[in-house]
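Q: The following block contains the structure, expressed as structure tokens.
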Amino acid sequence: VADSAPSAPTPEIPFARPRLPRAAELLPYLRQIDESRWYTNRGPLLCAFERRVSDHLRAEGRGTADVAAVASGTTGLILALKAALGERGGTCLLPSWTFAATACAVPAAGLHAYFVDVDPETWLPDRRAVKDARDVVALVAMTPGGVRLDIEPWRRLAAERGLALVVDAADCFDSVQAGAEPQVVSLHACKALGVGEGGLVVSSNTATVERIRKLASFGFSQGRVSQAAGINGKMSEYAAAVGHAALDGWPETRRGWLERSQAYRGILGGGGFDLLFDGGHACASAMVDLGRPLAAEVVKALAVHGVEARRPWGDGCHRQPAFAAWPHGPLPVTEALAQRIVALPFYVDLDDAAMAKIAGVLARTLQADRAALQT
Ligand SMILES: Cc1ncc(COP(=O)(O)O)c(C=O)c1O
């Protein structure tokens, strides 16, 4: 996978094995680019891709949303925060229990960060901590892969406190439900619907989405005059071409993810484990709560057997050097989840034998731990 070091030995069962559209599936769209000679800057493929995603959400009863396609999920988060706050600055609350990208987006949007703990069930920001925070202007909530959570209480809380709400829904292409706040989906190669690098910002507020489009293009409004300090966050026609081909194949891709996650659940269930967050929606993550602080040990044991598993967000963002000096409140849930949660290999062609091998190592490692506790 892209982010492993080139010299690292390839594990027998890698963490991810993305499968994006094949060359033949891309070809009709690439030919359209040859014809139009329009390669980026809101070309015809990009505009059609945004409309297709919006139609897809509406057809699935997931609300009427405007959609901006951008260069990556991280770019989408930065733009969503910028669109909400402009040059205002201030402090943004965010969970430490998330991928580094969520944290990286905050200073890139000109904000200071303050880490809050999460709810142990949903992993959404702890509402008490949000209520108690002083002098804050924004709240980022992260929704775990494939989950359609009821974020209404967080919406209300953000409104009561006058906070701009942005939802990091990186692995939620199949579950995101339009609301007024911007929700950001990643189209990274390792996500359920991937284009390589790309992202979507989804919102029922068309003015917000339009502002995000402008900010993604240097803040240009009419012509080439910057009205706001934006960035280059555009998605190219080539990425949009992959997006179209990925959408063409989505029903089959989706079935694949869902069938494999059902199989995983069945096989892990034999050892008393289950994947977290069963919402019946496709996603590319397969996480297990070990119930005991054994995540590091399990990752090591799996590695010995040629299986690349991960502690999804390490010890939490607040423990990573880039963010360690940032202020935070008490983080007991984050600290506990960091020790208990493992992310297992997962891809549409992960076969039953590989799943059984993973389940076996999990069961043996936990059995050994239980036996050690009893002696
Ligand atoms: C929770 C979370 N937020 C944000 C991102 C960033 O998305 P991207 O890689 O498209 O920038 C990711 C990517 O994996 C993620 O998992």
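Ligands are numbered from 1 in the order shown, chains are lettered A, B, ... in the order of the structure tokens, and residues start at 1 in each chain.
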Enumerate the residues of segment 209-348 of chain A with a DSSP assignment of strand (DSSP E or B), computed from the backbone, and present them as number ranges by chain.
A: A: 217, 220, 226, 232, 234, 275, 286-289, 307, 310, 328, 341-344
Q: Output all heavy atoms for every residue in the selection just made, as a CSV table (one decimal), in the first residue's frame.
A:
```csv
chain,number,residue,atom,x,y,z
A,217,SER,N,-10.3,27.0,-5.6
A,217,SER,CA,-9.7,27.6,-6.8
A,217,SER,C,-9.2,29.0,-6.5
A,217,SER,O,-9.7,30.0,-7.1
A,217,SER,CB,-10.8,27.6,-7.9
A,217,SER,OG,-10.2,28.0,-9.1
A,220,PHE,N,-11.0,32.4,-6.3
A,220,PHE,CA,-11.5,33.2,-7.4
A,220,PHE,C,-13.1,33.2,-7.4
A,220,PHE,O,-13.7,32.2,-7.2
A,220,PHE,CB,-11.1,32.5,-8.7
A,220,PHE,CG,-9.6,32.8,-9.1
A,220,PHE,CD1,-9.0,32.0,-10.1
A,220,PHE,CD2,-8.9,33.7,-8.4
A,220,PHE,CE1,-7.7,32.2,-10.4
A,220,PHE,CE2,-7.5,33.9,-8.7
A,220,PHE,CZ,-6.9,33.2,-9.7
A,226,SER,N,-9.0,37.0,-6.8
A,226,SER,CA,-9.3,36.3,-5.5
A,226,SER,C,-10.1,37.2,-4.6
A,226,SER,O,-9.8,38.3,-4.3
A,226,SER,CB,-7.9,36.0,-4.8
A,226,SER,OG,-7.3,34.9,-5.4
A,232,ASN,N,-5.2,25.8,-3.9
A,232,ASN,CA,-5.6,24.9,-5.1
A,232,ASN,C,-6.0,23.6,-4.5
A,232,ASN,O,-5.2,22.7,-4.2
A,232,ASN,CB,-4.3,24.8,-6.0
A,232,ASN,CG,-4.7,23.9,-7.2
A,232,ASN,OD1,-5.8,23.4,-7.3
A,232,ASN,ND2,-3.7,23.8,-8.1
A,234,LYS,N,-8.4,21.7,-6.2
A,234,LYS,CA,-9.3,21.2,-7.3
A,234,LYS,C,-9.0,19.7,-7.6
A,234,LYS,O,-7.9,19.2,-7.5
A,234,LYS,CB,-9.0,22.0,-8.6
A,234,LYS,CG,-9.5,23.4,-8.5
A,234,LYS,CD,-9.0,24.2,-9.7
A,234,LYS,CE,-7.5,24.5,-9.6
A,234,LYS,NZ,-6.9,25.1,-10.7
A,275,LEU,N,-16.9,-7.4,14.1
A,275,LEU,CA,-16.4,-6.1,13.6
A,275,LEU,C,-17.3,-5.0,14.2
A,275,LEU,O,-18.5,-5.2,14.4
A,275,LEU,CB,-16.6,-6.0,12.1
A,275,LEU,CG,-15.8,-7.0,11.2
A,275,LEU,CD1,-16.0,-6.8,9.7
A,275,LEU,CD2,-14.3,-6.9,11.5
A,286,ALA,N,-12.1,-2.5,8.9
A,286,ALA,CA,-12.6,-3.6,9.6
A,286,ALA,C,-11.9,-3.6,11.0
A,286,ALA,O,-10.7,-3.9,11.1
A,286,ALA,CB,-12.2,-4.9,8.9
A,287,MET,N,-12.6,-3.0,12.0
A,287,MET,CA,-12.0,-2.8,13.3
A,287,MET,C,-12.7,-3.7,14.3
A,287,MET,O,-13.9,-4.0,14.2
A,287,MET,CB,-12.2,-1.3,13.7
A,287,MET,CG,-11.4,-0.4,12.8
A,287,MET,SD,-11.2,1.2,13.6
A,287,MET,CE,-11.4,2.3,12.2
A,288,VAL,N,-11.8,-4.1,15.3
A,288,VAL,CA,-12.3,-5.0,16.3
A,288,VAL,C,-11.9,-4.4,17.7
A,288,VAL,O,-10.8,-3.9,17.8
A,288,VAL,CB,-11.7,-6.4,16.2
A,288,VAL,CG1,-11.9,-7.3,17.4
A,288,VAL,CG2,-12.2,-7.1,14.9
A,289,ASP,N,-12.9,-4.5,18.6
A,289,ASP,CA,-12.6,-4.0,20.0
A,289,ASP,C,-12.2,-5.3,20.7
A,289,ASP,O,-13.0,-6.2,20.9
A,289,ASP,CB,-13.8,-3.4,20.6
A,289,ASP,CG,-13.5,-2.8,22.0
A,289,ASP,OD1,-12.5,-3.2,22.6
A,289,ASP,OD2,-14.3,-2.0,22.5
A,307,VAL,N,0.7,-11.1,8.8
A,307,VAL,CA,-0.6,-10.3,8.6
A,307,VAL,C,-0.3,-8.9,9.1
A,307,VAL,O,0.2,-8.7,10.2
A,307,VAL,CB,-1.7,-10.9,9.5
A,307,VAL,CG1,-3.0,-10.1,9.3
A,307,VAL,CG2,-2.0,-12.4,9.1
A,310,ARG,N,-3.2,-3.0,12.1
A,310,ARG,CA,-2.7,-1.7,12.6
A,310,ARG,C,-3.5,-1.3,13.9
A,310,ARG,O,-4.7,-1.7,14.0
A,310,ARG,CB,-2.9,-0.6,11.6
A,310,ARG,CG,-2.0,-0.7,10.4
A,310,ARG,CD,-2.3,0.5,9.4
A,310,ARG,NE,-1.4,0.2,8.3
A,310,ARG,CZ,-1.6,0.8,7.1
A,310,ARG,NH1,-2.6,1.7,7.0
A,310,ARG,NH2,-0.8,0.6,6.1
A,328,HIS,N,-5.3,20.0,25.3
A,328,HIS,CA,-6.4,19.0,25.3
A,328,HIS,C,-7.0,18.9,26.7
A,328,HIS,O,-6.3,19.2,27.7
A,328,HIS,CB,-6.0,17.7,24.8
A,328,HIS,CG,-4.9,17.0,25.5
A,328,HIS,ND1,-5.1,16.3,26.7
A,328,HIS,CD2,-3.5,17.0,25.3
A,328,HIS,CE1,-3.9,15.9,27.2
A,328,HIS,NE2,-3.0,16.2,26.3
A,341,ILE,N,-8.4,-1.2,20.3
A,341,ILE,CA,-8.9,-1.3,19.0
A,341,ILE,C,-7.8,-1.7,18.0
A,341,ILE,O,-6.8,-1.1,17.9
A,341,ILE,CB,-9.6,0.0,18.5
A,341,ILE,CG1,-10.6,0.6,19.5
A,341,ILE,CG2,-10.2,-0.1,17.1
A,341,ILE,CD1,-11.8,-0.3,19.7
A,342,VAL,N,-8.1,-2.7,17.2
A,342,VAL,CA,-7.2,-3.0,16.1
A,342,VAL,C,-8.0,-2.9,14.8
A,342,VAL,O,-9.2,-3.2,14.7
A,342,VAL,CB,-6.6,-4.4,16.1
A,342,VAL,CG1,-5.4,-4.5,17.1
A,342,VAL,CG2,-7.6,-5.5,16.4
A,343,ALA,N,-7.3,-2.4,13.7
A,343,ALA,CA,-7.8,-2.4,12.4
A,343,ALA,C,-7.2,-3.6,11.6
A,343,ALA,O,-6.0,-3.7,11.6
A,343,ALA,CB,-7.5,-1.1,11.7
A,344,LEU,N,-8.1,-4.4,11.1
A,344,LEU,CA,-7.6,-5.7,10.5
A,344,LEU,C,-7.5,-5.5,9.0
A,344,LEU,O,-8.2,-4.6,8.4
A,344,LEU,CB,-8.6,-6.8,10.8
A,344,LEU,CG,-8.8,-7.2,12.2
A,344,LEU,CD1,-9.9,-8.2,12.4
A,344,LEU,CD2,-7.5,-7.7,12.9
```
Q: Give me, as a list in words, all polymer residues having an atom no more than 6 Å from Ala71 of chain A, counting only C-alpha atoms and skipping those fewer than 4 positions away in the same chain.
A: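 Within the cut-off, the hits are Gly198, Gly199, Gly233, Lys234 and Met235 of chain A.
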Q: Kindly save the residues from that selection, with N, CA, C and O atoms included, as a tab-separated table (two decimals), in the first residue's frame.
A:
```
chain	number	residue	atom	x	y	z
A	198	GLY	N	-8.64	11.95	-3.79
A	198	GLY	CA	-9.79	12.80	-4.06
A	198	GLY	C	-10.68	12.88	-2.85
A	198	GLY	O	-10.49	12.15	-1.86
A	199	GLY	N	-11.64	13.79	-2.88
A	199	GLY	CA	-12.57	13.92	-1.76
A	199	GLY	C	-13.86	14.57	-2.23
A	199	GLY	O	-13.92	15.15	-3.32
A	233	GLY	N	-7.30	23.39	-4.45
A	233	GLY	CA	-7.84	22.12	-3.92
A	233	GLY	C	-8.68	21.41	-4.96
A	233	GLY	O	-9.55	20.62	-4.62
A	234	LYS	N	-8.39	21.71	-6.23
A	234	LYS	CA	-9.25	21.19	-7.30
A	234	LYS	C	-8.99	19.72	-7.59
A	234	LYS	O	-7.88	19.24	-7.45
A	235	MET	N	-10.04	19.05	-8.03
A	235	MET	CA	-9.88	17.69	-8.56
A	235	MET	C	-9.72	17.81	-10.08
A	235	MET	O	-10.42	18.57	-10.73
```
Q: When you look at His281 of chain A with a cut-off of 12 Å (counting only C-alpha atoms), what residues show up, excluding the ones that are within fewer than 3 positions of it in the same chain? I need them as a list of chain:residue names.
A: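 Near neighbours after the sequence-gap exclusion: A:Pro144, A:Gly145, A:Gly146, A:Val147, A:Arg148, A:Leu149, A:Asp171, A:Cys172, A:Phe173, A:Asp174, A:Ser175, A:Val176, A:Gln177, A:Ala192, A:Thr253, A:Arg254, A:Arg255, A:Gly256, A:Trp257, A:Leu258, A:Glu259, A:Arg260, A:Ser261, A:Gln262, A:Phe277, A:Asp278, A:Ala284, A:Ser285.
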Q: From the options A:Ile267, A:Leu200, A:Ala23, A:Leu362, which residue's atoms come nearest to ligand 1, counting only C-alpha atoms and all ligand atoms?
A: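 Going through A:Ile267, A:Leu200, A:Ala23, A:Leu362 one by one, the smallest distance to ligand 1 is for A:Leu200.
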Q: For chain A against ligand 1, with a cut-off of 8 Å and counting only C-alpha atoms and all ligand atoms, what is the closest atom pair and its distance in Å to one decimal for every residue that makes the cut, ordered by chain and number, as a tab-separated table?
A:
```
residue	atom	partner	partner_atom_place_in_ligand_line	distance
A:Ala71	CA	ligand 1	10 (O)	7.8
A:Ser72	CA	ligand 1	10 (O)	4.1
A:Gly73	CA	ligand 1	10 (O)	3.4
A:Thr74	CA	ligand 1	11 (O)	3.7
A:Thr75	CA	ligand 1	11 (O)	6.4
A:Gly76	CA	ligand 1	11 (O)	7.8
A:Leu77	CA	ligand 1	4 (C)	7.7
A:Thr98	CA	ligand 1	1 (C)	5.4
A:Phe99	CA	ligand 1	1 (C)	4.6
A:Ala100	CA	ligand 1	3 (N)	7.2
A:Ala101	CA	ligand 1	4 (C)	4.8
A:Thr102	CA	ligand 1	3 (N)	5.1
A:Met142	CA	ligand 1	1 (C)	6.3
A:Thr143	CA	ligand 1	1 (C)	7.6
A:Pro144	CA	ligand 1	1 (C)	7.1
A:Asp168	CA	ligand 1	3 (N)	5.7
A:Ala169	CA	ligand 1	1 (C)	6.8
A:Ala170	CA	ligand 1	2 (C)	4.8
A:Asp171	CA	ligand 1	16 (O)	6.4
A:Val185	CA	ligand 1	7 (O)	7.3
A:Ser186	CA	ligand 1	10 (O)	4.0
A:Leu187	CA	ligand 1	10 (O)	5.5
A:His188	CA	ligand 1	10 (O)	4.7
A:Cys190	CA	ligand 1	14 (O)	7.5
A:Lys191	CA	ligand 1	14 (O)	7.3
A:Glu197	CA	ligand 1	10 (O)	6.0
A:Gly198	CA	ligand 1	10 (O)	5.6
A:Gly199	CA	ligand 1	10 (O)	5.6
```
Q: Atom CA of Trp326 of chain A and atom CA of Glu181 of chain A are how many Å apart?
A: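 Pair atom CA of Trp326 of chain A / atom CA of Glu181 of chain A returns 25.5 Å.
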Q: For Gly230 of chain A, work out the shell of residues within 10 Å, counting only C-alpha atoms and skipping chain neighbours fewer than 2 positions away, then give it as a PDB file with C-alpha atoms, in the first residue's frame.
A:
```pdb
ATOM      1  CA  ILE A  78      -9.492  22.456   5.238  1.00  0.00           C
ATOM      2  CA  LEU A  79     -11.892  24.018   2.744  1.00  0.00           C
ATOM      3  CA  LYS A  82     -12.253  27.905   5.771  1.00  0.00           C
ATOM      4  CA  ALA A  83     -15.687  28.242   4.190  1.00  0.00           C
ATOM      5  CA  GLY A  86     -13.126  32.723   6.651  1.00  0.00           C
ATOM      6  CA  ALA A 109      -7.438  26.331   7.948  1.00  0.00           C
ATOM      7  CA  ARG A 211     -17.988  28.823  -1.303  1.00  0.00           C
ATOM      8  CA  ILE A 212     -15.936  25.625  -1.019  1.00  0.00           C
ATOM      9  CA  ARG A 213     -15.661  25.401  -4.822  1.00  0.00           C
ATOM     10  CA  LYS A 214     -14.357  28.967  -4.951  1.00  0.00           C
ATOM     11  CA  LEU A 215     -11.909  28.444  -2.100  1.00  0.00           C
ATOM     12  CA  ALA A 216     -10.652  25.312  -3.890  1.00  0.00           C
ATOM     13  CA  SER A 217      -9.733  27.573  -6.785  1.00  0.00           C
ATOM     14  CA  PHE A 218      -7.663  30.312  -5.104  1.00  0.00           C
ATOM     15  CA  GLY A 219     -10.786  32.075  -3.887  1.00  0.00           C
ATOM     16  CA  PHE A 220     -11.544  33.191  -7.437  1.00  0.00           C
ATOM     17  CA  SER A 226      -9.272  36.295  -5.494  1.00  0.00           C
ATOM     18  CA  GLN A 227     -12.092  37.285  -3.181  1.00  0.00           C
ATOM     19  CA  ALA A 228     -10.832  35.077  -0.336  1.00  0.00           C
ATOM     20  CA  ASN A 232      -5.558  24.926  -5.075  1.00  0.00           C
ATOM     21  CA  GLY A 233      -7.840  22.122  -3.920  1.00  0.00           C
TER      22      GLY A 233
END
```
